Amino acid sequence: MKYILISALFLTLFTGGCATQDKYEGMSQIDKIIAQNEDLKQQSVEQMWTSRQIPFVMFEFDSTKIPTDYYETLDKVGEILTNKKIKLSVEGNADMVSSNKYNDWLSNKRTAAIKSYLVSKGVHPDSIQTYGNGKRKPLVNYNTVKARQLNRRVDLIFSKRHWNSVF
């Protein structure tokens with residue numbers, strides 16, 4: 001009986017792990033990243049805090065307006081920041097389409113939009129540090145429509161470290 005219970009537990013754990021892996025099997029790298037980000041958006045506040053995995057915010061081409069489907073995610077981040085002694089690094093990115101100077105400006109404006117949104121939700125501005133990467137930190141190095149979309153993003157990273165050690 002003990003052997004059967006251990007076998008059943010192993011089988012449950014093994015197939016559970018494979019089911020998650022199979023979910024993304026056969027997808028291109030870009031489609032897998034998009035699907036994983038969408039899954040992260042479904043996390044509860046507690047799951048986000050425990051996992052420390054925050055979905056990145058994807059922006060439209062040449063836009064600094066936060067897409068409305070990310071408001072719920074940012075509300076969860078805001079709830080964590082107002083209830084914990086934690087900091088948030090907000091790193092903006094752009095695709096490869098325009099000049100370095102323009103993409104630096106655009107990525108900084110995107111981070112400012114995220115910070116402004118979170119501050120409007122009650123987060124103290126000093127707990128958020130922003131940085132624009134321009135096009136220097138692409139998530140994927142392909143020149144397709146979907147790849148460019150992935151690179152037009154803002155990454156959100158929780159940190160307990162002092163700002164001088166982060167930047």
# chains A, B, ... in the order shown; residues from 1 in each chain; ligands from 1

$ residues_around --residues "region 129-138 of chain A" --least-positions-apart "6" --cutoff "12 Å" --atoms "only C-alpha atoms" --output "JSON, numbers by chain"
{"A": [86, 87, 88, 89, 90, 91, 92, 93, 94, 95, 96, 97, 98, 99, 100, 101, 102, 103, 104, 105, 106, 107, 108, 109, 110, 111, 112, 113, 114, 115, 116, 118, 119, 147, 148, 149, 150, 151, 152, 153, 154, 155, 156, 157, 158, 159, 161, 162, 163, 164, 166, 167]}

$ write_last_selection --atoms "N, CA and C atoms" --output "short mmCIF file (atom, residue, chain, number, x, y, z; two decimals), in the first residue's frame"
data_model
loop_
_atom_site.label_atom_id
_atom_site.label_comp_id
_atom_site.auth_asym_id
_atom_site.auth_seq_id
_atom_site.Cartn_x
_atom_site.Cartn_y
_atom_site.Cartn_z
N ILE A 86 9.10 47.47 0.55
CA ILE A 86 9.78 46.96 -0.63
C ILE A 86 9.87 48.07 -1.66
N LYS A 87 10.81 47.93 -2.55
CA LYS A 87 11.02 48.91 -3.62
C LYS A 87 10.71 48.24 -4.96
N LEU A 88 10.55 49.07 -5.96
CA LEU A 88 10.26 48.56 -7.30
C LEU A 88 11.17 49.25 -8.30
N SER A 89 11.88 48.45 -9.07
CA SER A 89 12.64 48.97 -10.21
C SER A 89 11.74 48.87 -11.43
N VAL A 90 11.65 49.94 -12.17
CA VAL A 90 10.83 49.99 -13.37
C VAL A 90 11.77 50.30 -14.53
N GLU A 91 11.95 49.32 -15.41
CA GLU A 91 12.90 49.45 -16.51
C GLU A 91 12.16 49.46 -17.84
N GLY A 92 12.24 50.59 -18.52
CA GLY A 92 11.57 50.75 -19.80
C GLY A 92 12.44 50.32 -20.96
N ASN A 93 11.80 49.80 -21.98
CA ASN A 93 12.49 49.31 -23.17
C ASN A 93 11.74 49.74 -24.42
N ALA A 94 12.45 49.74 -25.53
CA ALA A 94 11.86 50.11 -26.81
C ALA A 94 12.32 49.12 -27.87
N ASP A 95 11.64 49.13 -29.01
CA ASP A 95 12.07 48.26 -30.10
C ASP A 95 13.21 48.92 -30.88
N MET A 96 13.61 48.31 -31.96
CA MET A 96 14.79 48.76 -32.71
C MET A 96 14.46 49.76 -33.82
N VAL A 97 13.23 50.24 -33.90
CA VAL A 97 12.80 51.00 -35.07
C VAL A 97 13.42 52.39 -35.16
N SER A 98 13.50 53.15 -34.10
CA SER A 98 13.96 54.55 -34.18
C SER A 98 15.39 54.71 -33.69
N SER A 99 15.81 55.95 -33.58
CA SER A 99 17.17 56.27 -33.14
C SER A 99 17.35 55.96 -31.65
N ASN A 100 18.60 55.86 -31.23
CA ASN A 100 18.90 55.63 -29.82
C ASN A 100 18.32 56.75 -28.96
N LYS A 101 18.51 57.98 -29.39
CA LYS A 101 18.05 59.13 -28.62
C LYS A 101 16.53 59.08 -28.43
N TYR A 102 15.79 58.81 -29.50
CA TYR A 102 14.33 58.75 -29.41
C TYR A 102 13.89 57.58 -28.53
N ASN A 103 14.51 56.42 -28.71
CA ASN A 103 14.12 55.25 -27.92
C ASN A 103 14.47 55.41 -26.45
N ASP A 104 15.55 56.12 -26.14
CA ASP A 104 15.86 56.42 -24.74
C ASP A 104 14.75 57.29 -24.15
N TRP A 105 14.35 58.34 -24.88
CA TRP A 105 13.27 59.22 -24.44
C TRP A 105 11.97 58.42 -24.24
N LEU A 106 11.63 57.60 -25.23
CA LEU A 106 10.39 56.83 -25.20
C LEU A 106 10.37 55.85 -24.02
N SER A 107 11.47 55.14 -23.81
CA SER A 107 11.50 54.17 -22.71
C SER A 107 11.42 54.88 -21.36
N ASN A 108 12.01 56.06 -21.24
CA ASN A 108 11.89 56.83 -20.00
C ASN A 108 10.46 57.32 -19.78
N LYS A 109 9.80 57.72 -20.85
CA LYS A 109 8.40 58.16 -20.73
C LYS A 109 7.49 57.00 -20.32
N ARG A 110 7.79 55.80 -20.81
CA ARG A 110 6.99 54.62 -20.43
C ARG A 110 7.15 54.33 -18.95
N THR A 111 8.37 54.41 -18.44
CA THR A 111 8.57 54.16 -17.01
C THR A 111 7.89 55.24 -16.18
N ALA A 112 7.94 56.48 -16.65
CA ALA A 112 7.27 57.57 -15.94
C ALA A 112 5.76 57.33 -15.88
N ALA A 113 5.19 56.79 -16.95
CA ALA A 113 3.75 56.50 -16.97
C ALA A 113 3.41 55.43 -15.93
N ILE A 114 4.24 54.39 -15.84
CA ILE A 114 4.01 53.33 -14.85
C ILE A 114 4.13 53.90 -13.44
N LYS A 115 5.18 54.68 -13.19
CA LYS A 115 5.37 55.26 -11.86
C LYS A 115 4.21 56.17 -11.51
N SER A 116 3.79 57.01 -12.43
CA SER A 116 2.67 57.91 -12.19
C SER A 116 1.40 57.14 -11.85
N LEU A 118 1.18 54.12 -10.50
CA LEU A 118 1.32 53.52 -9.18
C LEU A 118 1.21 54.57 -8.07
N VAL A 119 1.79 55.74 -8.28
CA VAL A 119 1.69 56.81 -7.30
C VAL A 119 0.24 57.25 -7.14
N ALA A 147 8.32 40.21 -32.31
CA ALA A 147 9.55 40.46 -31.56
C ALA A 147 9.65 41.92 -31.17
N ARG A 148 9.34 42.78 -32.09
CA ARG A 148 9.37 44.22 -31.77
C ARG A 148 8.35 44.55 -30.68
N GLN A 149 7.19 43.88 -30.73
CA GLN A 149 6.17 44.10 -29.70
C GLN A 149 6.71 43.69 -28.32
N LEU A 150 7.40 42.55 -28.24
CA LEU A 150 7.96 42.10 -26.97
C LEU A 150 9.01 43.07 -26.44
N ASN A 151 9.74 43.69 -27.33
CA ASN A 151 10.79 44.61 -26.90
C ASN A 151 10.26 45.97 -26.48
N ARG A 152 8.99 46.25 -26.79
CA ARG A 152 8.34 47.50 -26.34
C ARG A 152 7.64 47.20 -25.01
N ARG A 153 8.44 47.13 -23.97
CA ARG A 153 7.90 46.67 -22.69
C ARG A 153 8.53 47.44 -21.54
N VAL A 154 7.89 47.31 -20.39
CA VAL A 154 8.45 47.80 -19.13
C VAL A 154 8.53 46.61 -18.18
N ASP A 155 9.74 46.37 -17.68
CA ASP A 155 9.96 45.29 -16.71
C ASP A 155 9.82 45.86 -15.31
N LEU A 156 9.18 45.11 -14.43
CA LEU A 156 8.95 45.51 -13.04
C LEU A 156 9.66 44.50 -12.14
N ILE A 157 10.51 44.99 -11.23
CA ILE A 157 11.32 44.10 -10.40
C ILE A 157 11.24 44.56 -8.95
N PHE A 158 10.75 43.67 -8.06
CA PHE A 158 10.73 43.96 -6.63
C PHE A 158 12.14 43.90 -6.08
N SER A 159 12.43 44.75 -5.09
CA SER A 159 13.74 44.74 -4.45
C SER A 159 13.62 45.23 -3.01
N ARG A 161 16.63 45.78 -1.51
CA ARG A 161 17.94 46.39 -1.36
C ARG A 161 17.86 47.90 -1.40
N HIS A 162 18.87 48.54 -0.84
CA HIS A 162 18.98 49.99 -0.87
C HIS A 162 19.21 50.43 -2.32
N TRP A 163 18.63 51.58 -2.70
CA TRP A 163 18.76 52.03 -4.10
C TRP A 163 20.20 52.15 -4.57
N ASN A 164 21.11 52.55 -3.71
CA ASN A 164 22.51 52.68 -4.13
C ASN A 164 23.11 51.34 -4.56
N VAL A 166 21.25 48.99 -6.03
CA VAL A 166 20.48 48.52 -7.18
C VAL A 166 20.96 49.20 -8.45
N PHE A 167 21.23 50.51 -8.39
CA PHE A 167 21.63 51.26 -9.57
C PHE A 167 23.04 51.75 -9.43
#

$ select_by_dssp --residues "region 6-138 of chain A" --states "helix (DSSP H, G or I)" --output "compact mmCIF listing (two decimals) with N, CA and C atoms, in the first residue's frame"
# COMPACT_ATOMS: atom_id res chain seq x y z
N ILE A 6 3.18 6.11 -2.75
CA ILE A 6 4.37 6.83 -3.22
C ILE A 6 4.36 6.90 -4.74
N SER A 7 4.01 5.81 -5.39
CA SER A 7 3.93 5.81 -6.86
C SER A 7 2.88 6.79 -7.36
N ALA A 8 1.74 6.83 -6.69
CA ALA A 8 0.67 7.75 -7.09
C ALA A 8 1.12 9.20 -6.90
N LEU A 9 1.82 9.46 -5.78
CA LEU A 9 2.32 10.81 -5.55
C LEU A 9 3.33 11.20 -6.62
N PHE A 10 4.26 10.30 -6.92
CA PHE A 10 5.27 10.56 -7.95
C PHE A 10 4.59 10.80 -9.30
N LEU A 11 3.63 9.96 -9.64
CA LEU A 11 2.93 10.10 -10.91
C LEU A 11 2.18 11.44 -10.97
N THR A 12 1.55 11.82 -9.87
CA THR A 12 0.83 13.10 -9.82
C THR A 12 1.80 14.26 -10.00
N LEU A 13 2.91 14.23 -9.27
CA LEU A 13 3.90 15.30 -9.39
C LEU A 13 4.51 15.33 -10.78
N PHE A 14 4.83 14.16 -11.31
CA PHE A 14 5.48 14.08 -12.62
C PHE A 14 4.54 14.57 -13.72
N THR A 15 3.31 14.10 -13.71
CA THR A 15 2.38 14.51 -14.77
C THR A 15 1.96 15.95 -14.59
N GLY A 16 1.89 16.42 -13.33
CA GLY A 16 1.57 17.83 -13.10
C GLY A 16 2.65 18.71 -13.68
N GLY A 17 3.92 18.34 -13.47
CA GLY A 17 5.03 19.11 -14.02
C GLY A 17 5.02 19.06 -15.53
N CYS A 18 4.73 17.91 -16.10
CA CYS A 18 4.71 17.79 -17.56
C CYS A 18 3.55 18.57 -18.16
N ALA A 19 2.43 18.61 -17.44
CA ALA A 19 1.28 19.33 -17.99
C ALA A 19 1.61 20.80 -18.18
N THR A 20 2.33 21.36 -17.20
CA THR A 20 2.71 22.76 -17.32
C THR A 20 3.67 22.93 -18.49
N GLN A 21 4.64 22.02 -18.59
CA GLN A 21 5.62 22.10 -19.66
C GLN A 21 4.94 21.88 -21.01
N ASP A 22 4.01 20.94 -21.09
CA ASP A 22 3.32 20.66 -22.34
C ASP A 22 2.47 21.84 -22.80
N LYS A 23 2.05 22.65 -21.87
CA LYS A 23 1.23 23.80 -22.20
C LYS A 23 1.91 24.70 -23.24
N TYR A 24 3.22 24.81 -23.15
CA TYR A 24 3.97 25.68 -24.05
C TYR A 24 4.71 24.91 -25.14
N GLN A 29 9.54 30.60 -29.55
CA GLN A 29 10.08 31.28 -28.37
C GLN A 29 9.25 32.53 -28.04
N ILE A 30 8.90 33.28 -29.05
CA ILE A 30 8.15 34.51 -28.83
C ILE A 30 6.74 34.22 -28.32
N ASP A 31 6.04 33.26 -28.94
CA ASP A 31 4.69 32.92 -28.48
C ASP A 31 4.72 32.36 -27.06
N LYS A 32 5.76 31.62 -26.71
CA LYS A 32 5.91 31.07 -25.36
C LYS A 32 6.07 32.21 -24.35
N ILE A 33 6.89 33.20 -24.65
CA ILE A 33 7.10 34.34 -23.75
C ILE A 33 5.78 35.10 -23.56
N ILE A 34 5.06 35.32 -24.64
CA ILE A 34 3.78 36.02 -24.55
C ILE A 34 2.79 35.23 -23.70
N ALA A 35 2.70 33.92 -23.92
CA ALA A 35 1.77 33.08 -23.15
C ALA A 35 2.15 33.05 -21.67
N GLN A 36 3.44 32.96 -21.37
CA GLN A 36 3.88 32.95 -19.98
C GLN A 36 3.56 34.29 -19.31
N ASN A 37 3.74 35.38 -20.03
CA ASN A 37 3.42 36.69 -19.47
C ASN A 37 1.92 36.81 -19.20
N GLU A 38 1.10 36.29 -20.11
CA GLU A 38 -0.35 36.30 -19.89
C GLU A 38 -0.71 35.47 -18.67
N ASP A 39 -0.03 34.33 -18.47
CA ASP A 39 -0.28 33.51 -17.28
C ASP A 39 0.10 34.27 -16.01
N LEU A 40 1.21 35.01 -16.05
CA LEU A 40 1.62 35.79 -14.88
C LEU A 40 0.60 36.87 -14.54
N LYS A 41 -0.07 37.40 -15.54
CA LYS A 41 -1.09 38.42 -15.30
C LYS A 41 -2.26 37.86 -14.50
N VAL A 45 -2.54 38.62 -5.88
CA VAL A 45 -1.55 39.47 -5.23
C VAL A 45 -0.57 38.61 -4.44
N GLU A 46 -1.10 37.66 -3.68
CA GLU A 46 -0.25 36.79 -2.87
C GLU A 46 0.69 35.95 -3.73
N GLN A 47 0.19 35.41 -4.83
CA GLN A 47 1.06 34.63 -5.73
C GLN A 47 2.16 35.50 -6.32
N MET A 48 1.83 36.73 -6.68
CA MET A 48 2.83 37.63 -7.24
C MET A 48 3.90 37.94 -6.21
N TRP A 49 3.48 38.18 -4.97
CA TRP A 49 4.43 38.49 -3.91
C TRP A 49 5.31 37.28 -3.61
N THR A 50 4.72 36.11 -3.55
CA THR A 50 5.47 34.89 -3.24
C THR A 50 6.44 34.53 -4.35
N SER A 51 5.99 34.60 -5.59
CA SER A 51 6.83 34.21 -6.72
C SER A 51 7.83 35.28 -7.10
N THR A 68 -4.89 49.29 -21.12
CA THR A 68 -5.85 49.08 -20.03
C THR A 68 -5.84 47.65 -19.49
N ASP A 69 -5.44 46.68 -20.30
CA ASP A 69 -5.44 45.30 -19.80
C ASP A 69 -4.30 45.05 -18.80
N TYR A 70 -3.47 46.05 -18.52
CA TYR A 70 -2.42 45.93 -17.51
C TYR A 70 -2.77 46.66 -16.22
N TYR A 71 -3.88 47.36 -16.17
CA TYR A 71 -4.26 48.08 -14.96
C TYR A 71 -4.40 47.14 -13.77
N GLU A 72 -5.03 46.00 -13.97
CA GLU A 72 -5.23 45.06 -12.86
C GLU A 72 -3.88 44.57 -12.34
N THR A 73 -2.95 44.28 -13.23
CA THR A 73 -1.60 43.85 -12.82
C THR A 73 -0.93 44.95 -12.01
N LEU A 74 -0.99 46.18 -12.51
CA LEU A 74 -0.36 47.30 -11.80
C LEU A 74 -1.06 47.57 -10.46
N ASP A 75 -2.36 47.34 -10.39
CA ASP A 75 -3.07 47.48 -9.11
C ASP A 75 -2.54 46.46 -8.10
N LYS A 76 -2.26 45.25 -8.54
CA LYS A 76 -1.70 44.23 -7.66
C LYS A 76 -0.31 44.65 -7.18
N VAL A 77 0.51 45.15 -8.09
CA VAL A 77 1.85 45.63 -7.73
C VAL A 77 1.72 46.76 -6.71
N GLY A 78 0.81 47.68 -6.96
CA GLY A 78 0.58 48.79 -6.05
C GLY A 78 0.17 48.32 -4.67
N GLU A 79 -0.69 47.32 -4.61
CA GLU A 79 -1.12 46.77 -3.32
C GLU A 79 0.06 46.19 -2.55
N ILE A 80 0.93 45.50 -3.25
CA ILE A 80 2.13 44.94 -2.61
C ILE A 80 3.03 46.06 -2.09
N LEU A 81 3.25 47.07 -2.92
CA LEU A 81 4.15 48.16 -2.54
C LEU A 81 3.61 48.97 -1.36
N THR A 82 2.31 49.10 -1.24
CA THR A 82 1.75 49.88 -0.13
C THR A 82 1.67 49.07 1.15
N ASN A 83 1.73 47.74 1.06
CA ASN A 83 1.62 46.89 2.25
C ASN A 83 2.94 46.29 2.71
N ASN A 100 18.60 55.86 -31.23
CA ASN A 100 18.90 55.63 -29.82
C ASN A 100 18.32 56.75 -28.96
N LYS A 101 18.51 57.98 -29.39
CA LYS A 101 18.05 59.13 -28.62
C LYS A 101 16.53 59.08 -28.43
N TYR A 102 15.79 58.81 -29.50
CA TYR A 102 14.33 58.75 -29.41
C TYR A 102 13.89 57.58 -28.53
N ASN A 103 14.51 56.42 -28.71
CA ASN A 103 14.12 55.25 -27.92
C ASN A 103 14.47 55.41 -26.45
N ASP A 104 15.55 56.12 -26.14
CA ASP A 104 15.86 56.42 -24.74
C ASP A 104 14.75 57.29 -24.15
N TRP A 105 14.35 58.34 -24.88
CA TRP A 105 13.27 59.22 -24.44
C TRP A 105 11.97 58.42 -24.24
N LEU A 106 11.63 57.60 -25.23
CA LEU A 106 10.39 56.83 -25.20
C LEU A 106 10.37 55.85 -24.02
N SER A 107 11.47 55.14 -23.81
CA SER A 107 11.50 54.17 -22.71
C SER A 107 11.42 54.88 -21.36
N ASN A 108 12.01 56.06 -21.24
CA ASN A 108 11.89 56.83 -20.00
C ASN A 108 10.46 57.32 -19.78
N LYS A 109 9.80 57.72 -20.85
CA LYS A 109 8.40 58.16 -20.73
C LYS A 109 7.49 57.00 -20.32
N ARG A 110 7.79 55.80 -20.81
CA ARG A 110 6.99 54.62 -20.43
C ARG A 110 7.15 54.33 -18.95
N THR A 111 8.37 54.41 -18.44
CA THR A 111 8.57 54.16 -17.01
C THR A 111 7.89 55.24 -16.18
N ALA A 112 7.94 56.48 -16.65
CA ALA A 112 7.27 57.57 -15.94
C ALA A 112 5.76 57.33 -15.88
N ALA A 113 5.19 56.79 -16.95
CA ALA A 113 3.75 56.50 -16.97
C ALA A 113 3.41 55.43 -15.93
N ILE A 114 4.24 54.39 -15.84
CA ILE A 114 4.01 53.33 -14.85
C ILE A 114 4.13 53.90 -13.44
N LYS A 115 5.18 54.68 -13.19
CA LYS A 115 5.37 55.26 -11.86
C LYS A 115 4.21 56.17 -11.51
N SER A 116 3.79 57.01 -12.43
CA SER A 116 2.67 57.91 -12.19
C SER A 116 1.40 57.14 -11.85
N TYR A 117 1.15 56.06 -12.57
CA TYR A 117 -0.03 55.24 -12.30
C TYR A 117 0.02 54.69 -10.88
N LEU A 118 1.18 54.12 -10.50
CA LEU A 118 1.32 53.52 -9.18
C LEU A 118 1.21 54.57 -8.07
N VAL A 119 1.79 55.74 -8.28
CA VAL A 119 1.69 56.81 -7.30
C VAL A 119 0.24 57.25 -7.14
N SER A 120 -0.51 57.27 -8.25
CA SER A 120 -1.93 57.63 -8.17
C SER A 120 -2.73 56.62 -7.38
N PRO A 125 6.26 57.69 -4.00
CA PRO A 125 7.14 57.82 -5.16
C PRO A 125 8.60 57.41 -4.91
N ASP A 126 9.06 57.56 -3.66
CA ASP A 126 10.45 57.19 -3.37
C ASP A 126 10.69 55.69 -3.37
N SER A 127 9.62 54.90 -3.39
CA SER A 127 9.79 53.45 -3.42
C SER A 127 9.89 52.91 -4.84

$ atom_distance --atom1 "CA of His124 (chain A)" --atom2 "CA of Lys84 (chain A)"
11.5 Å

$ closest_residue --among "A:Lys146, A:Met27, A:Gly122, A:Lys160" --to "Phe61 (chain A)" --atoms "only C-alpha atoms"
A:Lys146

$ select_by_dssp --residues "region 11-121 of chain A" --states "strand (DSSP E or B)" --output "list of chain:residue names"
A:Val57, A:Met58, A:Lys87, A:Leu88, A:Ser89, A:Val90, A:Glu91, A:Gly92

$ write_last_selection --atoms "N, CA and C atoms" --output "compact mmCIF listing (two decimals), in the first residue's frame"
# COMPACT_ATOMS: atom_id res chain seq x y z
N VAL A 57 4.92 44.88 -18.87
CA VAL A 57 3.85 45.64 -19.51
C VAL A 57 4.28 45.93 -20.93
N MET A 58 3.51 45.45 -21.91
CA MET A 58 3.83 45.69 -23.32
C MET A 58 3.08 46.93 -23.80
N LYS A 87 10.81 47.93 -2.55
CA LYS A 87 11.02 48.91 -3.62
C LYS A 87 10.71 48.24 -4.96
N LEU A 88 10.55 49.07 -5.96
CA LEU A 88 10.26 48.56 -7.30
C LEU A 88 11.17 49.25 -8.30
N SER A 89 11.88 48.45 -9.07
CA SER A 89 12.64 48.97 -10.21
C SER A 89 11.74 48.87 -11.43
N VAL A 90 11.65 49.94 -12.17
CA VAL A 90 10.83 49.99 -13.37
C VAL A 90 11.77 50.30 -14.53
N GLU A 91 11.95 49.32 -15.41
CA GLU A 91 12.90 49.45 -16.51
C GLU A 91 12.16 49.46 -17.84
N GLY A 92 12.24 50.59 -18.52
CA GLY A 92 11.57 50.75 -19.80
C GLY A 92 12.44 50.32 -20.96

$ decode --residues "region 85-115 of chain A" --atoms "N, CA and C atoms" --output "PDB file, in the first residue's frame"
ATOM      1  N   LYS A  85       7.421  46.671   2.955  1.00  0.00           N
ATOM      2  CA  LYS A  85       8.574  47.578   2.881  1.00  0.00           C
ATOM      3  C   LYS A  85       9.451  47.078   1.752  1.00  0.00           C
ATOM      4  N   ILE A  86       9.100  47.466   0.553  1.00  0.00           N
ATOM      5  CA  ILE A  86       9.782  46.959  -0.632  1.00  0.00           C
ATOM      6  C   ILE A  86       9.875  48.075  -1.665  1.00  0.00           C
ATOM      7  N   LYS A  87      10.809  47.935  -2.551  1.00  0.00           N
ATOM      8  CA  LYS A  87      11.023  48.909  -3.619  1.00  0.00           C
ATOM      9  C   LYS A  87      10.710  48.243  -4.962  1.00  0.00           C
ATOM     10  N   LEU A  88      10.546  49.069  -5.964  1.00  0.00           N
ATOM     11  CA  LEU A  88      10.257  48.559  -7.300  1.00  0.00           C
ATOM     12  C   LEU A  88      11.166  49.247  -8.304  1.00  0.00           C
ATOM     13  N   SER A  89      11.877  48.450  -9.068  1.00  0.00           N
ATOM     14  CA  SER A  89      12.641  48.969 -10.205  1.00  0.00           C
ATOM     15  C   SER A  89      11.743  48.868 -11.426  1.00  0.00           C
ATOM     16  N   VAL A  90      11.653  49.944 -12.169  1.00  0.00           N
ATOM     17  CA  VAL A  90      10.829  49.995 -13.370  1.00  0.00           C
ATOM     18  C   VAL A  90      11.767  50.298 -14.528  1.00  0.00           C
ATOM     19  N   GLU A  91      11.950  49.317 -15.408  1.00  0.00           N
ATOM     20  CA  GLU A  91      12.900  49.447 -16.512  1.00  0.00           C
ATOM     21  C   GLU A  91      12.164  49.458 -17.843  1.00  0.00           C
ATOM     22  N   GLY A  92      12.243  50.594 -18.523  1.00  0.00           N
ATOM     23  CA  GLY A  92      11.568  50.748 -19.804  1.00  0.00           C
ATOM     24  C   GLY A  92      12.436  50.318 -20.963  1.00  0.00           C
ATOM     25  N   ASN A  93      11.799  49.798 -21.984  1.00  0.00           N
ATOM     26  CA  ASN A  93      12.488  49.309 -23.175  1.00  0.00           C
ATOM     27  C   ASN A  93      11.736  49.737 -24.422  1.00  0.00           C
ATOM     28  N   ALA A  94      12.448  49.738 -25.526  1.00  0.00           N
ATOM     29  CA  ALA A  94      11.858  50.112 -26.808  1.00  0.00           C
ATOM     30  C   ALA A  94      12.323  49.124 -27.874  1.00  0.00           C
ATOM     31  N   ASP A  95      11.644  49.131 -29.011  1.00  0.00           N
ATOM     32  CA  ASP A  95      12.067  48.259 -30.105  1.00  0.00           C
ATOM     33  C   ASP A  95      13.208  48.919 -30.878  1.00  0.00           C
ATOM     34  N   MET A  96      13.614  48.309 -31.960  1.00  0.00           N
ATOM     35  CA  MET A  96      14.787  48.763 -32.706  1.00  0.00           C
ATOM     36  C   MET A  96      14.460  49.764 -33.824  1.00  0.00           C
ATOM     37  N   VAL A  97      13.233  50.242 -33.901  1.00  0.00           N
ATOM     38  CA  VAL A  97      12.800  51.001 -35.065  1.00  0.00           C
ATOM     39  C   VAL A  97      13.424  52.395 -35.162  1.00  0.00           C
ATOM     40  N   SER A  98      13.501  53.153 -34.095  1.00  0.00           N
ATOM     41  CA  SER A  98      13.961  54.546 -34.181  1.00  0.00           C
ATOM     42  C   SER A  98      15.394  54.710 -33.689  1.00  0.00           C
ATOM     43  N   SER A  99      15.805  55.950 -33.577  1.00  0.00           N
ATOM     44  CA  SER A  99      17.169  56.273 -33.138  1.00  0.00           C
ATOM     45  C   SER A  99      17.354  55.956 -31.654  1.00  0.00           C
ATOM     46  N   ASN A 100      18.597  55.855 -31.234  1.00  0.00           N
ATOM     47  CA  ASN A 100      18.897  55.632 -29.816  1.00  0.00           C
ATOM     48  C   ASN A 100      18.323  56.750 -28.957  1.00  0.00           C
ATOM     49  N   LYS A 101      18.513  57.983 -29.388  1.00  0.00           N
ATOM     50  CA  LYS A 101      18.048  59.130 -28.621  1.00  0.00           C
ATOM     51  C   LYS A 101      16.526  59.081 -28.429  1.00  0.00           C
ATOM     52  N   TYR A 102      15.787  58.811 -29.498  1.00  0.00           N
ATOM     53  CA  TYR A 102      14.333  58.754 -29.405  1.00  0.00           C
ATOM     54  C   TYR A 102      13.894  57.580 -28.528  1.00  0.00           C
ATOM     55  N   ASN A 103      14.511  56.420 -28.710  1.00  0.00           N
ATOM     56  CA  ASN A 103      14.124  55.245 -27.924  1.00  0.00           C
ATOM     57  C   ASN A 103      14.466  55.413 -26.449  1.00  0.00           C
ATOM     58  N   ASP A 104      15.548  56.121 -26.139  1.00  0.00           N
ATOM     59  CA  ASP A 104      15.857  56.420 -24.738  1.00  0.00           C
ATOM     60  C   ASP A 104      14.749  57.292 -24.148  1.00  0.00           C
ATOM     61  N   TRP A 105      14.348  58.336 -24.882  1.00  0.00           N
ATOM     62  CA  TRP A 105      13.271  59.216 -24.436  1.00  0.00           C
ATOM     63  C   TRP A 105      11.975  58.425 -24.245  1.00  0.00           C
ATOM     64  N   LEU A 106      11.630  57.602 -25.234  1.00  0.00           N
ATOM     65  CA  LEU A 106      10.388  56.828 -25.202  1.00  0.00           C
ATOM     66  C   LEU A 106      10.373  55.850 -24.023  1.00  0.00           C
ATOM     67  N   SER A 107      11.467  55.142 -23.813  1.00  0.00           N
ATOM     68  CA  SER A 107      11.497  54.172 -22.713  1.00  0.00           C
ATOM     69  C   SER A 107      11.416  54.878 -21.359  1.00  0.00           C
ATOM     70  N   ASN A 108      12.006  56.056 -21.235  1.00  0.00           N
ATOM     71  CA  ASN A 108      11.891  56.828 -19.997  1.00  0.00           C
ATOM     72  C   ASN A 108      10.463  57.321 -19.782  1.00  0.00           C
ATOM     73  N   LYS A 109       9.796  57.720 -20.847  1.00  0.00           N
ATOM     74  CA  LYS A 109       8.397  58.158 -20.733  1.00  0.00           C
ATOM     75  C   LYS A 109       7.490  56.997 -20.319  1.00  0.00           C
ATOM     76  N   ARG A 110       7.786  55.804 -20.810  1.00  0.00           N
ATOM     77  CA  ARG A 110       6.993  54.622 -20.432  1.00  0.00           C
ATOM     78  C   ARG A 110       7.147  54.326 -18.950  1.00  0.00           C
ATOM     79  N   THR A 111       8.371  54.414 -18.444  1.00  0.00           N
ATOM     80  CA  THR A 111       8.572  54.161 -17.013  1.00  0.00           C
ATOM     81  C   THR A 111       7.893  55.242 -16.177  1.00  0.00           C
ATOM     82  N   ALA A 112       7.940  56.476 -16.654  1.00  0.00           N
ATOM     83  CA  ALA A 112       7.265  57.571 -15.940  1.00  0.00           C
ATOM     84  C   ALA A 112       5.758  57.333 -15.880  1.00  0.00           C
ATOM     85  N   ALA A 113       5.186  56.791 -16.948  1.00  0.00           N
ATOM     86  CA  ALA A 113       3.748  56.497 -16.969  1.00  0.00           C
ATOM     87  C   ALA A 113       3.405  55.431 -15.929  1.00  0.00           C
ATOM     88  N   ILE A 114       4.238  54.395 -15.841  1.00  0.00           N
ATOM     89  CA  ILE A 114       4.009  53.330 -14.852  1.00  0.00           C
ATOM     90  C   ILE A 114       4.125  53.901 -13.439  1.00  0.00           C
ATOM     91  N   LYS A 115       5.179  54.683 -13.195  1.00  0.00           N
ATOM     92  CA  LYS A 115       5.372  55.264 -11.865  1.00  0.00           C
ATOM     93  C   LYS A 115       4.205  56.174 -11.509  1.00  0.00           C
TER      94      LYS A 115
END
